[in-house]
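A short write-up of the structure that comes next.
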Amino acid sequence: MHQDKHLYLNGQWVNGEGLTRQIINPATEEILTTIKEASKEQAEDAVTYAAQAFQQTDWAVNKEKRIKVLKTAAGLLEESADEVARLETLNTGKPIREAILDIYDSAACLRYYADLMSQAEFWKKEMEDGTVSEVRKEPIGVCSLIVPWNFPLLLGMWKIAPALAAGNTVIYKPSEITPVTALKFTEILEKSGVPAGVFNLVLGEGDPIGQTLVSSEKVDKVSFTGGSETGRKINQECAGSFKRVSLELGGKSPLIVLEDADIKLAAEWAIFGSFFNQGEVCVASSRLLVHENIYEEFIAELLEKVKNLKIGDPLKEETDFGPVISEQHLRKIEDYIKIGKAEGAECLYGGERVGSKGLYITPVIFSNVNQNMRIVQEEIFGPVVTIQTFNTEQEAIELANGTRFGLAAGVLSADAEKADRIASQIKAGTIWINSYHTPYVEAPWGGYKQSGIGRELGPQGLDGFMETKHINKKEHLEPLNWYTFKN
Ligand code: TXE
């Protein structure tokens, strides 16, 4: 790695004064790099620098500068896409084909928000009383952006791009176990001309570093993606001062396979929905709901295809399925497999470790499950899928809505109208019909129920980083003519 200093504070690369952490490549379990993380004081300093930059630079008001920086960064990121994708794969274990998608999607996200900002227009109207009302959007101020380890650069970009485009200043904290592409991207932003203090990179763990970035009085907005329990804590912390907060949290998303769906294709989409990025995706279709009349045939297809997935070195172009992120996470997945078996579910396939090096486990398929089981209700965040059957449309909808989450869902059917009718009754923020997984930078992303608060991507994603101000004006001061006294 180019940087031997790992924090970027007020436009300077700085040595971390907190913990020293070895970053592990999950495919080999070897040390990829060693990071000197921030101390609590350095996290506090980062917030102070961001607050100063918001007050003292023209970032909040100079839209042209912001657009130029974001577009330059998009170009530089694309130029180094192969290198950044390789770093992402080395740090996360995700197959290289997936990492490449992440990098190009990240660049597209920067461009999208730069363009959206350049087209932004204020709403204006002449009122009946002769005044003119104008609605303006302004940056919120200092934003702490905190993301997890499954899509380190891309999930970061969903926050960084709109936050900067809107004119905020930022403190960015990736997961402590996946800091590598954040370092590279910070170099890119620096080269793109981001003013000192506008973007600050802070590495370190949730407690106390993330916590400091959430609780500081100088922070105006927290945008968090991660686990539901951490999200709950952050929400509670922000509620104390009514700090703006958006949360993208856990999911347990259903994929409904209707009786009329092409079974071979449905099985392929189910594998994609459930096991893309080793199932470590917030919207993973971790619950398959299959019409009872096609259940046997569907299972046979699914099993055959799953057995043929290429598991192995994520740097290889042909790899379909890499290692999971960490030893700790692998143990959590294995615990859930044990829980599922103890609950009486039938493990049709998977759960075996692969090879002697690397955090590999074969994808897991559970049948004979019921709605109350923990493996159906709780987010495992790994390659574990449950299959349930249904008979009527209503039953499918009830099963689909039968968890505390509401992030995403899918419906596979030859009858698009029927699928749409079902989609309209599912409580989830994103629903794919005859498709799955693709996020569109133009369309909002986020959860119903306990899957979160607010939306990322699309115009809504920019809105989440802006305050709304109404200005009502008249050219001259005129008599009010309301009181009985005379001027
Ligand atoms: O997530 P955390 P972890 C789920 C998944 C996973 C579990 C734990 O089930 O197994 O959560 O994963 C920072 N204040 N998801 O521990 O804790 C932390 O440093 C401020 C689902 O990785 O949520 C990291 O940068 N920040 C999910 C980020 O929060 C804090 C994606 C995410 O960490 C903090 C990831 C605190 N008190 C995990 N504590 C999804 N659905 O997308 C931690 N952090």
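A note on labels: chains of the structure tokens are A, B, ... as shown, every chain counts residues from 1, and ligands are counted from 1 in their shown order.
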
### Task
Kindly provide, as a count of residues only, all nucleotide and amino acid residues lying within 9 Å of ligand 1, counting only C-alpha atoms and all ligand atoms.
57

### Task
May I have the residues within 9 Å of range 25-40 of chain A as a PyMOL selection string, using only C-alpha atoms and disregarding those fewer than 6 positions away in the same chain?
chain A and resi 1+4-7+15-19+89-93+176+179-180+202-205+208-209+212+312-314+322-327+357-360

Output file for the residues above (N, CA, C and O atoms, as a compact mmCIF listing (two decimals), in the first residue's frame):
```txt
# COMPACT_ATOMS: atom_id res chain seq x y z
N MET A 1 0.83 -1.19 0.00
CA MET A 1 0.00 0.00 0.00
C MET A 1 0.87 1.25 0.00
O MET A 1 1.92 1.28 0.60
N ASP A 4 1.85 4.96 4.42
CA ASP A 4 2.25 4.33 5.68
C ASP A 4 1.58 5.07 6.85
O ASP A 4 1.70 4.68 8.00
N LYS A 5 0.90 6.18 6.53
CA LYS A 5 0.09 6.87 7.54
C LYS A 5 -1.36 6.59 7.18
O LYS A 5 -1.72 6.64 6.01
N HIS A 6 -2.18 6.34 8.17
CA HIS A 6 -3.49 5.76 7.86
C HIS A 6 -4.70 6.62 8.20
O HIS A 6 -5.83 6.18 8.05
N LEU A 7 -4.43 7.82 8.67
CA LEU A 7 -5.57 8.72 8.91
C LEU A 7 -5.39 9.93 8.01
O LEU A 7 -4.26 10.35 7.73
N ASN A 15 -0.21 9.76 11.39
CA ASN A 15 -0.06 8.46 12.07
C ASN A 15 -1.17 8.26 13.08
O ASN A 15 -1.43 9.15 13.89
N GLY A 16 -1.78 7.09 13.06
CA GLY A 16 -2.79 6.80 14.08
C GLY A 16 -2.13 6.61 15.44
O GLY A 16 -1.05 6.04 15.53
N GLU A 17 -2.81 7.08 16.48
CA GLU A 17 -2.25 6.96 17.83
C GLU A 17 -3.09 6.00 18.68
O GLU A 17 -2.99 5.98 19.89
N GLY A 18 -3.93 5.21 18.01
CA GLY A 18 -4.77 4.25 18.75
C GLY A 18 -4.22 2.84 18.62
O GLY A 18 -3.01 2.61 18.65
N LEU A 19 -5.12 1.88 18.43
CA LEU A 19 -4.73 0.47 18.35
C LEU A 19 -3.97 0.17 17.05
O LEU A 19 -4.14 0.85 16.05
N THR A 89 -10.84 -7.21 -3.22
CA THR A 89 -10.91 -8.67 -3.14
C THR A 89 -9.92 -9.21 -2.10
O THR A 89 -10.26 -10.12 -1.33
N LEU A 90 -8.71 -8.64 -2.07
CA LEU A 90 -7.73 -9.12 -1.09
C LEU A 90 -8.22 -8.90 0.35
O LEU A 90 -7.98 -9.70 1.24
N ASN A 91 -8.94 -7.80 0.57
CA ASN A 91 -9.37 -7.48 1.92
C ASN A 91 -10.67 -8.18 2.32
O ASN A 91 -10.87 -8.51 3.49
N THR A 92 -11.57 -8.41 1.34
CA THR A 92 -12.88 -8.96 1.71
C THR A 92 -13.09 -10.41 1.30
O THR A 92 -14.00 -11.07 1.80
N GLY A 93 -12.33 -10.88 0.32
CA GLY A 93 -12.54 -12.23 -0.19
C GLY A 93 -13.62 -12.30 -1.26
O GLY A 93 -13.94 -13.39 -1.75
N GLU A 176 -13.45 -1.51 10.74
CA GLU A 176 -12.04 -1.67 11.16
C GLU A 176 -11.35 -2.83 10.44
O GLU A 176 -10.13 -2.85 10.33
N PRO A 179 -10.28 -1.60 5.83
CA PRO A 179 -9.96 -0.19 5.60
C PRO A 179 -9.21 0.07 4.28
O PRO A 179 -8.94 1.22 3.94
N VAL A 180 -8.88 -0.98 3.53
CA VAL A 180 -7.87 -0.84 2.49
C VAL A 180 -8.30 0.05 1.32
O VAL A 180 -7.57 0.95 0.92
N VAL A 202 -11.09 8.39 9.18
CA VAL A 202 -10.76 7.93 10.53
C VAL A 202 -10.92 6.42 10.57
O VAL A 202 -12.00 5.90 10.25
N LEU A 203 -9.87 5.72 10.92
CA LEU A 203 -9.95 4.26 11.02
C LEU A 203 -10.00 3.86 12.49
O LEU A 203 -9.33 4.47 13.32
N GLY A 204 -10.77 2.81 12.76
CA GLY A 204 -10.83 2.36 14.14
C GLY A 204 -12.13 1.61 14.38
O GLY A 204 -13.01 1.56 13.51
N GLU A 205 -12.25 1.04 15.58
CA GLU A 205 -13.42 0.20 15.82
C GLU A 205 -14.62 1.01 16.33
O GLU A 205 -14.52 2.20 16.61
N PRO A 208 -14.15 2.91 20.90
CA PRO A 208 -14.81 4.21 21.05
C PRO A 208 -14.83 5.08 19.79
O PRO A 208 -15.41 6.16 19.84
N ILE A 209 -14.22 4.62 18.68
CA ILE A 209 -14.03 5.56 17.58
C ILE A 209 -15.36 5.91 16.89
O ILE A 209 -15.72 7.08 16.77
N THR A 212 -17.58 7.94 19.13
CA THR A 212 -17.19 9.35 19.24
C THR A 212 -17.74 10.13 18.04
O THR A 212 -18.22 11.26 18.18
N GLY A 312 -13.54 -20.87 -4.34
CA GLY A 312 -12.08 -20.85 -4.28
C GLY A 312 -11.51 -19.46 -4.37
O GLY A 312 -12.18 -18.49 -4.01
N ASP A 313 -10.27 -19.40 -4.87
CA ASP A 313 -9.49 -18.15 -4.90
C ASP A 313 -10.30 -17.01 -5.53
O ASP A 313 -10.58 -17.03 -6.73
N PRO A 314 -10.64 -16.01 -4.74
CA PRO A 314 -11.49 -14.94 -5.27
C PRO A 314 -10.80 -14.07 -6.32
O PRO A 314 -11.48 -13.31 -7.02
N GLY A 322 -16.41 -16.93 -2.80
CA GLY A 322 -15.14 -16.82 -2.07
C GLY A 322 -15.28 -17.18 -0.60
O GLY A 322 -16.29 -17.77 -0.18
N PRO A 323 -14.28 -16.80 0.19
CA PRO A 323 -14.34 -17.06 1.64
C PRO A 323 -15.26 -16.05 2.31
O PRO A 323 -15.55 -15.00 1.74
N VAL A 324 -15.69 -16.34 3.53
CA VAL A 324 -16.42 -15.32 4.30
C VAL A 324 -15.40 -14.40 4.97
O VAL A 324 -14.20 -14.66 4.97
N ILE A 325 -15.89 -13.33 5.55
CA ILE A 325 -15.01 -12.21 5.88
C ILE A 325 -13.99 -12.48 6.99
O ILE A 325 -12.85 -12.02 6.91
N SER A 326 -14.39 -13.20 8.03
CA SER A 326 -13.47 -13.34 9.17
C SER A 326 -13.74 -14.64 9.91
O SER A 326 -14.82 -15.24 9.79
N GLU A 327 -12.75 -15.04 10.71
CA GLU A 327 -12.87 -16.25 11.53
C GLU A 327 -14.08 -16.11 12.47
O GLU A 327 -14.89 -17.03 12.61
N LYS A 357 -6.70 -23.82 4.29
CA LYS A 357 -6.39 -22.38 4.44
C LYS A 357 -7.50 -21.55 3.84
O LYS A 357 -8.05 -21.91 2.81
N GLY A 358 -7.80 -20.45 4.49
CA GLY A 358 -8.86 -19.58 3.96
C GLY A 358 -10.18 -19.89 4.64
O GLY A 358 -10.43 -21.02 5.06
N LEU A 359 -11.04 -18.87 4.73
CA LEU A 359 -12.27 -18.98 5.51
C LEU A 359 -13.43 -19.39 4.62
O LEU A 359 -14.41 -18.68 4.47
N TYR A 360 -13.29 -20.60 4.03
CA TYR A 360 -14.29 -21.09 3.08
C TYR A 360 -15.29 -22.02 3.75
O TYR A 360 -14.92 -22.88 4.56
```

#### Entry: Filtered DSSP result for range 106-260 of chain A, state strand (DSSP E or B), as a PyMOL selection string
chain A and resi 123-126+132-139+142-146+169-173+199-201+221-225+244-248+254-257

Keeping C-alpha atoms, export the residues of the selection given above as an mmCIF file, in the first residue's frame.
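Printed below is out13.cif as written:
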```cif
data_model
loop_
_atom_site.group_PDB
_atom_site.id
_atom_site.type_symbol
_atom_site.label_atom_id
_atom_site.label_comp_id
_atom_site.auth_asym_id
_atom_site.auth_seq_id
_atom_site.Cartn_x
_atom_site.Cartn_y
_atom_site.Cartn_z
ATOM 1 C CA TRP A 123 -39.027 25.494 -6.117
ATOM 2 C CA LYS A 124 -40.430 29.021 -6.366
ATOM 3 C CA LYS A 125 -43.990 30.347 -6.382
ATOM 4 C CA GLU A 126 -45.737 33.707 -6.301
ATOM 5 C CA VAL A 132 -42.784 34.973 -3.303
ATOM 6 C CA SER A 133 -41.969 31.655 -1.659
ATOM 7 C CA GLU A 134 -38.781 29.808 -2.399
ATOM 8 C CA VAL A 135 -37.697 26.406 -1.104
ATOM 9 C CA ARG A 136 -33.950 26.046 -0.856
ATOM 10 C CA LYS A 137 -31.871 23.049 0.042
ATOM 11 C CA GLU A 138 -28.770 23.498 2.155
ATOM 12 C CA PRO A 139 -26.116 21.127 3.431
ATOM 13 C CA VAL A 142 -20.759 17.866 9.612
ATOM 14 C CA CYS A 143 -21.624 14.285 8.643
ATOM 15 C CA SER A 144 -20.242 11.094 10.189
ATOM 16 C CA LEU A 145 -20.431 8.269 7.670
ATOM 17 C CA ILE A 146 -19.998 4.766 9.096
ATOM 18 C CA THR A 169 -18.073 18.104 5.368
ATOM 19 C CA VAL A 170 -17.397 14.510 6.233
ATOM 20 C CA ILE A 171 -15.733 12.112 8.615
ATOM 21 C CA TYR A 172 -15.632 8.685 7.022
ATOM 22 C CA LYS A 173 -15.129 5.496 9.023
ATOM 23 C CA PHE A 199 -13.135 14.920 3.915
ATOM 24 C CA ASN A 200 -11.494 13.182 6.868
ATOM 25 C CA LEU A 201 -10.675 9.492 7.062
ATOM 26 C CA LYS A 221 -25.840 14.050 10.782
ATOM 27 C CA VAL A 222 -24.954 10.390 11.137
ATOM 28 C CA SER A 223 -25.399 8.021 8.228
ATOM 29 C CA PHE A 224 -24.849 4.401 9.201
ATOM 30 C CA THR A 225 -24.998 1.055 7.448
ATOM 31 C CA ARG A 244 -30.231 13.812 11.885
ATOM 32 C CA VAL A 245 -29.725 10.095 11.335
ATOM 33 C CA SER A 246 -30.206 7.589 8.566
ATOM 34 C CA LEU A 247 -29.802 3.874 9.106
ATOM 35 C CA GLU A 248 -29.506 1.018 6.650
ATOM 36 C CA PRO A 254 -37.817 -13.301 0.887
ATOM 37 C CA LEU A 255 -37.656 -14.479 -2.708
ATOM 38 C CA ILE A 256 -41.076 -15.758 -3.784
ATOM 39 C CA VAL A 257 -41.123 -18.345 -6.570
#
```

### Task
Can you check which residues of range 22-254 of chain A DSSP gives as alpha helix (DSSP H) on the backbone and send them as an MDAnalysis selection string?
chainID A and resid 40:56 63:79 81:92 96:119 152:165 180:191 211:215 228:239

#### Entry: Separation of CA of Ala443 in chain A from CA of Val194 in chain A, in Å and rounded to one decimal
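That distance, rounded to one decimal, is 26.9 Å.
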
### Message
Need to verify the contact set: Ala53 in chain A, 7 Å, only C-alpha atoms, exclusion of same-chain residues closer than 2 positions in sequence. Can you return it as a PyMOL selection string?
### Response
chain A and resi 49-51+55-57+169+197-198
